[in-house]
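Asker: So here's work.cif (mmCIF, C-alpha atoms).
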data_upload
loop_
_atom_site.label_atom_id
_atom_site.label_comp_id
_atom_site.auth_asym_id
_atom_site.auth_seq_id
_atom_site.Cartn_x
_atom_site.Cartn_y
_atom_site.Cartn_z
CA TRP A 1 19.30 47.80 22.74
CA ASN A 2 19.66 51.49 23.42
CA THR A 3 21.20 52.14 20.01
CA GLY A 4 18.33 50.24 18.43
CA ILE A 5 15.82 52.20 20.49
CA GLN A 6 17.32 55.51 19.47
CA THR A 7 17.52 54.38 15.83
CA VAL A 8 13.88 53.33 15.61
CA SER A 9 12.87 56.51 17.45
CA LEU A 10 14.66 58.55 14.82
CA LEU A 11 13.02 56.51 12.08
CA LEU A 12 9.66 57.22 13.69
CA GLU A 13 10.42 60.95 13.64
CA ASN A 14 11.10 60.72 9.90
CA GLY A 15 8.24 58.37 9.12
CA ALA A 16 5.57 60.20 11.11
CA GLU A 17 6.19 63.38 9.17
CA GLY A 18 5.99 61.46 5.89
CA LYS A 19 9.02 63.25 4.49
CA ARG A 20 11.80 61.85 2.40
CA LYS A 21 15.15 62.84 3.84
CA SER A 22 18.05 63.43 1.49
CA ILE A 23 20.08 60.37 2.52
CA ASN A 24 22.65 58.85 0.18
CA CYS A 25 21.24 55.36 0.43
CA SER A 26 18.20 53.94 -1.36
CA LEU A 27 17.50 51.53 1.52
CA ILE A 28 17.24 54.34 4.05
CA SER A 29 15.14 56.39 1.65
CA LYS A 30 12.66 53.54 1.35
CA MET A 31 12.52 53.27 5.14
CA ALA A 32 11.42 56.91 5.60
CA ASN A 33 7.67 56.29 5.47
CA PRO A 34 4.87 56.02 8.05
CA VAL A 35 4.60 52.20 7.88
CA VAL A 36 8.24 51.70 8.77
CA GLY A 37 7.87 54.42 11.39
CA TRP A 38 5.09 52.56 13.17
CA PHE A 39 6.99 49.27 12.91
CA ALA A 40 10.03 51.00 14.40
CA ALA A 41 7.83 52.31 17.21
CA PHE A 42 6.75 48.72 17.97
CA ILE A 43 10.35 47.52 18.12
CA GLY A 44 11.23 50.52 20.27
CA ALA A 45 8.41 49.67 22.68
CA ILE A 46 9.82 46.15 23.10
CA GLY A 47 13.27 47.61 23.72
CA PHE A 48 12.08 50.19 26.23
CA GLY A 49 10.01 47.57 28.03
CA SER A 50 12.85 45.04 28.28
CA PHE A 51 16.09 46.95 28.75
CA ALA A 52 15.51 47.38 32.50
CA VAL A 53 15.12 43.65 33.21
CA PRO A 54 18.88 42.97 33.72
CA ILE A 55 18.97 45.83 36.24
CA LYS A 56 16.83 43.66 38.55
CA GLY A 57 18.61 40.45 37.53
CA GLU A 58 20.57 38.10 39.74
CA ALA A 59 23.95 39.45 38.62
CA ALA A 60 23.05 43.06 39.42
CA ASN A 61 21.51 42.07 42.75
CA SER A 62 24.51 40.00 43.80
CA VAL A 63 26.84 43.00 43.61
CA ASP A 64 24.27 45.72 44.37
CA ILE A 65 25.24 47.50 41.17
CA ASP A 66 25.60 51.27 41.37
CA PRO A 67 23.27 53.26 39.05
CA LEU A 68 26.13 55.22 37.48
CA VAL A 69 28.06 52.00 36.84
CA MET A 70 25.07 50.47 35.06
CA GLN A 71 24.55 53.65 33.07
CA SER A 72 28.23 53.54 32.08
CA TYR A 73 27.70 50.09 30.61
CA LYS A 74 24.70 51.41 28.70
CA SER A 75 26.60 54.41 27.34
CA LEU A 76 29.58 52.29 26.29
CA VAL A 77 27.48 49.70 24.45
CA CYS A 78 25.44 52.49 22.86
CA PHE A 79 28.65 54.07 21.57
CA LEU A 80 30.06 50.80 20.23
CA THR A 81 26.89 49.71 18.44
CA SER A 82 25.98 53.14 17.05
CA TRP A 83 28.52 52.67 14.29
CA LEU A 84 26.37 49.89 12.82
CA VAL A 85 24.36 52.56 11.01
CA ILE A 86 27.31 52.75 8.60
CA LEU A 87 26.25 49.33 7.30
CA LEU A 88 22.99 50.96 6.22
CA GLY A 89 24.93 53.45 4.11
CA GLN A 90 24.85 56.29 6.61
CA GLU A 91 27.81 58.66 6.43
CA VAL A 92 29.79 59.43 9.56
CA THR A 93 28.63 62.85 10.68
CA PHE A 94 28.74 64.76 13.93
CA THR A 95 26.79 67.62 15.45
CA PRO A 96 27.22 69.27 18.86
CA TRP A 97 23.51 68.75 19.42
CA GLY A 98 24.37 65.11 20.14
CA ILE A 99 26.21 66.25 23.28
CA VAL A 100 23.15 68.23 24.35
CA SER A 101 21.04 65.12 23.82
CA GLY A 102 23.49 63.13 25.93
CA LEU A 103 23.06 65.67 28.74
CA PHE A 104 19.42 64.63 28.89
CA TRP A 105 19.76 60.89 28.31
CA VAL A 106 22.62 59.96 30.67
CA PRO A 107 21.37 61.66 33.88
CA GLY A 108 17.83 60.53 33.07
CA GLY A 109 19.03 56.96 32.59
CA THR A 110 20.87 57.08 35.91
CA PHE A 111 17.70 58.30 37.63
CA ASN A 112 15.81 55.45 35.99
CA ILE A 113 18.25 52.80 37.20
CA PHE A 114 18.11 54.18 40.74
CA ALA A 115 14.31 54.09 40.61
CA ILE A 116 14.26 50.49 39.42
CA ARG A 117 16.71 49.37 42.10
CA ASN A 118 14.80 51.04 44.94
CA ALA A 119 11.12 51.31 43.97
CA GLY A 120 10.76 48.25 41.74
CA LEU A 121 10.64 47.57 38.01
CA ALA A 122 6.90 47.71 37.30
CA ILE A 123 5.97 50.81 39.28
CA SER A 124 9.05 52.84 38.31
CA GLN A 125 8.74 52.09 34.59
CA GLY A 126 5.05 52.96 34.67
CA VAL A 127 5.78 56.34 36.26
CA VAL A 128 8.66 56.97 33.83
CA ALA A 129 6.52 56.10 30.80
CA ALA A 130 3.61 58.28 31.91
CA THR A 131 5.89 61.24 32.56
CA ILE A 132 7.70 60.83 29.22
CA VAL A 133 4.34 60.76 27.42
CA LEU A 134 3.39 64.08 29.00
CA VAL A 135 6.77 65.73 28.37
CA SER A 136 6.94 64.52 24.76
CA PHE A 137 3.38 65.71 24.09
CA ILE A 138 4.22 69.16 25.46
CA TRP A 139 7.28 69.44 23.25
CA GLY A 140 5.64 68.10 20.10
CA ASN A 141 2.17 69.59 20.30
CA LEU A 142 2.50 72.77 22.31
CA ILE A 143 6.05 73.94 21.54
CA PHE A 144 6.84 72.58 18.06
CA GLY A 145 3.21 72.74 16.92
CA GLU A 146 3.09 69.34 15.23
CA PRO A 147 -0.25 68.96 13.41
CA VAL A 148 -2.97 66.72 14.90
CA LYS A 149 -6.49 66.01 13.69
CA SER A 150 -8.09 67.14 16.95
CA GLU A 151 -6.44 68.99 19.80
CA VAL A 152 -9.17 67.96 22.26
CA ILE A 153 -9.03 64.25 21.42
CA ALA A 154 -5.23 64.31 21.49
CA CYS A 155 -5.20 65.83 24.99
CA GLU A 156 -7.84 63.40 26.20
CA SER A 157 -5.87 60.46 24.79
CA VAL A 158 -2.68 61.54 26.55
CA LEU A 159 -4.61 61.99 29.81
CA ILE A 160 -6.19 58.54 29.57
CA MET A 161 -2.83 56.97 28.78
CA MET A 162 -1.19 58.65 31.77
CA VAL A 163 -3.98 57.59 34.12
CA GLY A 164 -3.70 54.01 32.85
CA LEU A 165 0.07 53.92 33.31
CA PHE A 166 -0.09 55.43 36.80
CA GLY A 167 -2.88 53.02 37.75
CA MET A 168 -0.93 50.03 36.48
CA SER A 169 2.09 51.17 38.47
CA TYR A 170 0.10 51.78 41.65
CA TYR A 171 -1.69 48.42 41.66
CA SER A 172 1.47 46.51 40.78
CA THR A 173 2.80 47.29 44.27
CA PRO A 174 2.20 44.47 46.81
CA GLU A 175 -0.49 45.46 49.29
CA SER A 176 1.07 43.27 51.96
CA GLU A 177 4.15 45.43 52.52
CA GLY A 178 2.43 47.63 55.07
CA THR A 179 0.75 44.61 56.65
CA ALA A 180 4.08 42.83 56.98
CA GLU A 181 5.60 45.80 58.74
CA PHE A 182 2.58 45.92 61.09
CA ILE A 183 2.92 42.20 61.88
CA LYS A 184 6.62 42.54 62.58
CA VAL A 185 6.05 45.40 65.01
CA ASN A 186 3.27 43.47 66.77
CA ILE A 187 5.46 40.39 67.14
CA GLU A 188 8.21 42.43 68.74
CA GLU A 189 5.74 44.13 71.08
CA ASP A 190 4.13 40.82 72.09
CA ALA A 191 7.52 39.32 72.86
CA GLU A 192 8.39 42.30 75.04
CA ASP A 193 5.04 42.07 76.86
CA VAL A 194 5.50 38.37 77.64
CA THR A 195 9.01 38.98 78.98
CA ARG A 196 7.84 41.95 81.05
CA LYS A 197 4.97 39.95 82.61
CA LYS A 198 7.31 37.16 83.61
CA ILE A 199 9.66 39.59 85.31
CA ASP A 200 7.01 41.75 87.01
CA SER A 201 4.65 38.96 88.20
CA PRO A 202 4.59 38.77 92.10
CA ILE A 203 5.22 35.51 93.88
CA ASN A 204 3.36 34.83 97.14
CA LYS A 205 6.02 33.99 99.70
CA ASP A 206 3.50 32.20 101.97
CA ASP A 207 2.86 29.58 99.30
CA ASP A 208 6.46 28.95 98.34
CA ASP A 209 6.27 25.23 99.04
CA SER A 210 3.05 24.67 97.12
CA ASN A 211 4.28 26.85 94.28
CA GLU A 212 7.46 24.84 94.04
CA ASP A 213 5.50 21.60 93.88
CA THR A 214 3.24 23.05 91.24
CA ARG A 215 6.18 24.32 89.19
CA MET A 216 7.87 20.92 89.44
CA LYS A 217 4.74 19.15 88.18
CA LEU A 218 3.92 21.53 85.36
CA PRO A 219 6.64 20.36 82.94
CA LEU A 220 5.44 16.77 83.35
CA GLN A 221 1.73 17.50 82.94
CA SER A 222 1.63 20.14 80.24
CA THR A 223 3.62 21.33 77.26
CA PRO A 224 5.56 24.57 77.49
CA ALA A 225 3.89 27.72 76.19
CA LYS A 226 4.57 28.52 72.57
CA ARG A 227 6.96 31.42 72.22
CA PRO A 228 6.11 34.20 69.80
CA PRO A 229 8.08 33.97 66.57
CA SER A 230 11.34 35.85 66.59
CA LEU A 231 12.30 38.57 64.13
CA GLN A 232 14.58 36.13 62.29
CA SER A 233 11.79 33.61 61.80
CA TRP A 234 9.47 36.38 60.63
CA GLN A 235 12.02 37.42 58.03
CA LYS A 236 12.27 33.84 56.76
CA MET A 237 8.50 33.58 56.47
CA SER A 238 8.10 36.97 54.82
CA LYS A 239 10.88 36.29 52.35
CA THR A 240 8.76 33.72 50.50
CA THR A 241 5.59 35.77 50.39
CA LEU A 242 6.58 39.40 50.50
CA GLU A 243 9.08 41.34 48.47
CA PRO A 244 11.21 43.57 50.72
CA LEU A 245 11.96 47.06 49.55
CA GLU A 246 15.66 46.65 50.10
CA ILE A 247 17.89 44.65 47.77
CA GLU A 248 18.64 41.08 48.72
CA GLU A 249 22.21 39.84 48.44
CA LYS A 250 22.95 36.10 48.31
CA GLY A 251 19.78 35.19 50.17
CA GLU A 252 20.32 37.62 53.04
CA VAL A 253 17.88 40.38 53.90
CA LYS A 254 19.31 43.70 54.91
CA SER A 255 18.40 45.39 58.17
CA SER A 256 15.49 47.77 58.44
CA SER A 257 17.86 50.74 58.41
CA SER A 258 18.64 49.97 54.75
CA ARG A 259 15.03 50.77 53.88
CA SER A 260 15.78 54.47 54.23
CA ILE A 261 18.17 56.99 52.71
CA ILE A 262 19.63 59.96 54.56
CA ILE A 263 19.55 63.16 52.49
CA LEU A 264 20.77 66.40 54.05
CA GLY A 265 20.46 64.90 57.51
CA LYS A 266 16.89 63.66 57.05
CA ARG A 267 15.80 60.05 56.61
CA TYR A 268 13.55 59.17 53.66
CA SER A 269 12.02 55.92 52.46
CA ARG A 270 13.94 54.23 49.65
CA ARG A 271 10.71 53.55 47.80
CA ASN A 272 9.60 57.19 47.93
CA VAL A 273 13.01 58.42 46.79
CA GLY A 274 12.90 55.83 44.00
CA LEU A 275 9.51 57.09 42.82
CA LEU A 276 10.78 60.67 42.85
CA SER A 277 13.76 59.50 40.82
CA ALA A 278 11.37 57.91 38.30
CA VAL A 279 9.57 61.23 37.88
CA MET A 280 12.90 63.00 37.39
CA CYS A 281 13.84 60.42 34.77
CA GLY A 282 10.60 61.01 32.87
CA ILE A 283 11.00 64.78 32.92
CA TRP A 284 14.68 64.74 31.95
CA SER A 285 14.75 61.81 29.50
CA GLY A 286 11.55 62.95 27.82
CA SER A 287 13.57 65.74 26.21
CA CYS A 288 16.57 63.67 25.05
CA LEU A 289 15.57 63.76 21.35
CA VAL A 290 14.51 67.42 21.35
CA PRO A 291 18.02 68.59 20.27
CA MET A 292 17.63 66.56 17.07
CA HIS A 293 14.86 68.98 16.09
CA TYR A 294 17.50 71.71 15.78
CA SER A 295 20.01 69.50 13.96
CA LYS A 296 19.95 70.21 10.25
CA GLY A 297 21.16 68.56 7.09
CA ASN A 298 22.64 65.07 7.05
CA THR A 299 23.06 65.08 10.85
CA ASN A 300 19.32 64.56 11.28
CA GLY A 301 17.54 61.22 11.39
CA LEU A 302 19.92 58.27 11.41
CA GLY A 303 22.79 60.74 11.02
CA PHE A 304 22.12 61.80 14.59
CA VAL A 305 22.79 58.34 16.11
CA ILE A 306 26.59 58.59 16.14
CA SER A 307 26.50 62.13 17.49
CA PHE A 308 24.11 61.01 20.19
CA SER A 309 26.29 58.07 21.26
CA CYS A 310 29.43 60.22 21.37
CA GLY A 311 27.60 62.79 23.48
CA ALA A 312 26.33 60.07 25.84
CA LEU A 313 29.83 58.66 26.36
CA LEU A 314 31.26 62.13 26.96
CA VAL A 315 28.57 63.08 29.49
CA THR A 316 29.07 59.77 31.32
CA ALA A 317 32.79 60.51 31.67
CA ILE A 318 31.97 64.01 32.98
CA LEU A 319 29.67 62.54 35.62
CA TRP A 320 32.45 60.26 36.83
CA ILE A 321 34.81 63.23 37.07
CA ILE A 322 32.21 65.17 39.08
CA ARG A 323 31.65 62.20 41.41
CA PHE A 324 35.40 61.76 41.96
CA SER A 325 35.77 65.49 42.63
CA CYS A 326 33.03 65.37 45.27
CA GLN A 327 34.69 62.42 47.00
CA LEU A 328 38.05 64.18 46.82
CA PHE A 329 36.57 67.31 48.40
CA GLN A 330 35.07 65.28 51.26
CA SER A 331 38.06 63.05 52.00
CA GLY A 332 40.93 65.35 51.00
CA SER A 333 42.83 62.34 49.66
CA SER A 334 42.90 61.23 46.03
CA LYS A 335 43.52 57.63 47.10
CA GLN A 336 40.51 57.55 49.41
CA ALA A 337 38.39 59.29 46.78
CA TYR A 338 39.33 56.67 44.20
CA GLU A 339 38.71 53.78 46.59
CA SER A 340 35.28 55.17 47.52
CA LEU A 341 34.11 54.99 43.91
CA PRO A 342 31.87 51.99 43.10
CA GLY A 343 33.37 49.06 41.22
CA PHE A 344 32.35 47.88 37.76
CA HIS A 345 32.30 44.17 38.71
CA PHE A 346 33.47 43.09 35.24
CA ARG A 347 33.44 39.36 35.99
CA VAL A 348 29.88 39.41 37.29
CA MET A 349 28.33 41.99 35.01
#
Show me this structure written as structure tokens.
Answerer:
Amino acid sequence: WNTGIQTVSLLLENGAEGKRKSINCSLISKMANPVVGWFAAFIGAIGFGSFAVPIKGEAANSVDIDPLVMQSYKSLVCFLTSWLVILLGQEVTFTPWGIVSGLFWVPGGTFNIFAIRNAGLAISQGVVAATIVLVSFIWGNLIFGEPVKSEVIACESVLIMMVGLFGMSYYSTPESEGTAEFIKVNIEEDAEDVTRKKIDSPINKDDDDSNEDTRMKLPLQSTPAKRPPSLQSWQKMSKTTLEPLEIEEKGEVKSSSSRSIIILGKRYSRRNVGLLSAVMCGIWSGSCLVPMHYSKGNTNGLGFVISFSCGALLVTAILWIIRFSCQLFQSGSSKQAYESLPGFHFRVM
């Protein structure tokens, strides 16, 4: 999917400019026109809108897949399928600008996966899309000076699109999350109050005999008071109606401490960190095709796909080395550092 997305994006770059690239294949030459560019943009939109679905799938949830592991799968499949452009007559070419592009795409993709896993699919993808629109518009219109019919209308269109995407993301979040948390707290407080009243209530010693008779008759004459629902029963009820922020594994809901992430000694909400990660993804990934602008000759257009995939695979390997080095620095043992790395879960994934 990612190779297809990058391919159609490159076709759109060629088609939108209306230029015929000097490619040694008549099929590719016929494809370099605005009509094919817009069709490629449509296919790319389907790809961008669907690639994140498996990240929230049952397989990924069952193993709580690590963002870098999922990105590694993406980079590997991108590398393997990028060679399919040879079937279209594209020569095998390479440019170092593909590595620069990978420096943008791989970290941005990792941010995106983290955002999806912690903030949710709809809201994170809306924030990512809106941010990419803004970043791409700045690069194309303000920096590269791509011609438009009207600067004012173009800016207004981008603004409206961003507002729409942010609004869609905001209203896709369940409104009952805060209410559920409020109900849970109230249930716990009510249970504590009932217990405290039973313990602190005074008993009149002068009426011990009558009180004993009354207490002996009560079970026969009335039904016992209904106890407030426990935290476990609340979780069972909320599981069918509310979507918890934390990831569910095999039908079990994690404790409330898993709703937060500790960064530099401070505790932050997983959802808020996920939204921040979505913004970072939009800013970083929005520039992933900018290096192609500086790639010349037959390494441009479809010739950039193989360079891009090689750069993505190389950057992914570098990130794993950096992660292992950090674990090695903390533990001081290469064995512990290796064991602390997340698994790939080949059988499940």
Asker: Need the shell around Cys281 of chain A: protein/DNA/RNA residues with any atom at most 10 Å away, counting all atoms listed in the file. Skip same-chain ones fewer than 3 positions apart. Format as number ranges by chain?
Answerer: A: 104-115, 124-125, 127-129, 131-132, 275-278, 284-286
Asker: On this structure, the PyMOL selection byres ((chain A and resi 92) around 10) would catch which residues? List them as a PyMOL selection string, sorted by chain and number.
Answerer: chain A and resi 83+85-86+89-91+93-94+298-299+303-307
Asker: Residues near Val290 of chain A, anyone? I mean within 10 Å using only C-alpha atoms, not counting same-chain ones fewer than 6 positions away, as an NGL selection string.
Answerer: :A and (97 or 100-101 or 104 or 136 or 139-140 or 144)
Asker: In Å, rounded to a single decimal, give me how far atom CA of Phe79 of chain A is from atom CA of Ala52 of chain A.
Answerer: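 We find that atom CA of Ala52 of chain A and atom CA of Phe79 of chain A lie 18.4 Å from each other.
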Asker: Pull the neighbourhood of (-3.7, 66.7, 29.2) for me: all residues within 12 Å in file coordinates, counting all atoms listed in the file, as a ChimeraX atom specification.
Answerer: /A:130-131,133-138,141-142,151-163
Asker: Next, write the just-selected residues to a file, as a PDB file, in the coordinates of the input, keeping C-alpha atoms as the atom set.
Answerer:
ATOM      1  CA  ALA A 130       3.610  58.280  31.910  1.00  0.00           C
ATOM      2  CA  THR A 131       5.890  61.240  32.560  1.00  0.00           C
ATOM      3  CA  VAL A 133       4.340  60.760  27.420  1.00  0.00           C
ATOM      4  CA  LEU A 134       3.390  64.080  29.000  1.00  0.00           C
ATOM      5  CA  VAL A 135       6.770  65.730  28.370  1.00  0.00           C
ATOM      6  CA  SER A 136       6.940  64.520  24.760  1.00  0.00           C
ATOM      7  CA  PHE A 137       3.380  65.710  24.090  1.00  0.00           C
ATOM      8  CA  ILE A 138       4.220  69.160  25.460  1.00  0.00           C
ATOM      9  CA  ASN A 141       2.170  69.590  20.300  1.00  0.00           C
ATOM     10  CA  LEU A 142       2.500  72.770  22.310  1.00  0.00           C
ATOM     11  CA  GLU A 151      -6.440  68.990  19.800  1.00  0.00           C
ATOM     12  CA  VAL A 152      -9.170  67.960  22.260  1.00  0.00           C
ATOM     13  CA  ILE A 153      -9.030  64.250  21.420  1.00  0.00           C
ATOM     14  CA  ALA A 154      -5.230  64.310  21.490  1.00  0.00           C
ATOM     15  CA  CYS A 155      -5.200  65.830  24.990  1.00  0.00           C
ATOM     16  CA  GLU A 156      -7.840  63.400  26.200  1.00  0.00           C
ATOM     17  CA  SER A 157      -5.870  60.460  24.790  1.00  0.00           C
ATOM     18  CA  VAL A 158      -2.680  61.540  26.550  1.00  0.00           C
ATOM     19  CA  LEU A 159      -4.610  61.990  29.810  1.00  0.00           C
ATOM     20  CA  ILE A 160      -6.190  58.540  29.570  1.00  0.00           C
ATOM     21  CA  MET A 161      -2.830  56.970  28.780  1.00  0.00           C
ATOM     22  CA  MET A 162      -1.190  58.650  31.770  1.00  0.00           C
ATOM     23  CA  VAL A 163      -3.980  57.590  34.120  1.00  0.00           C
TER      24      VAL A 163
END
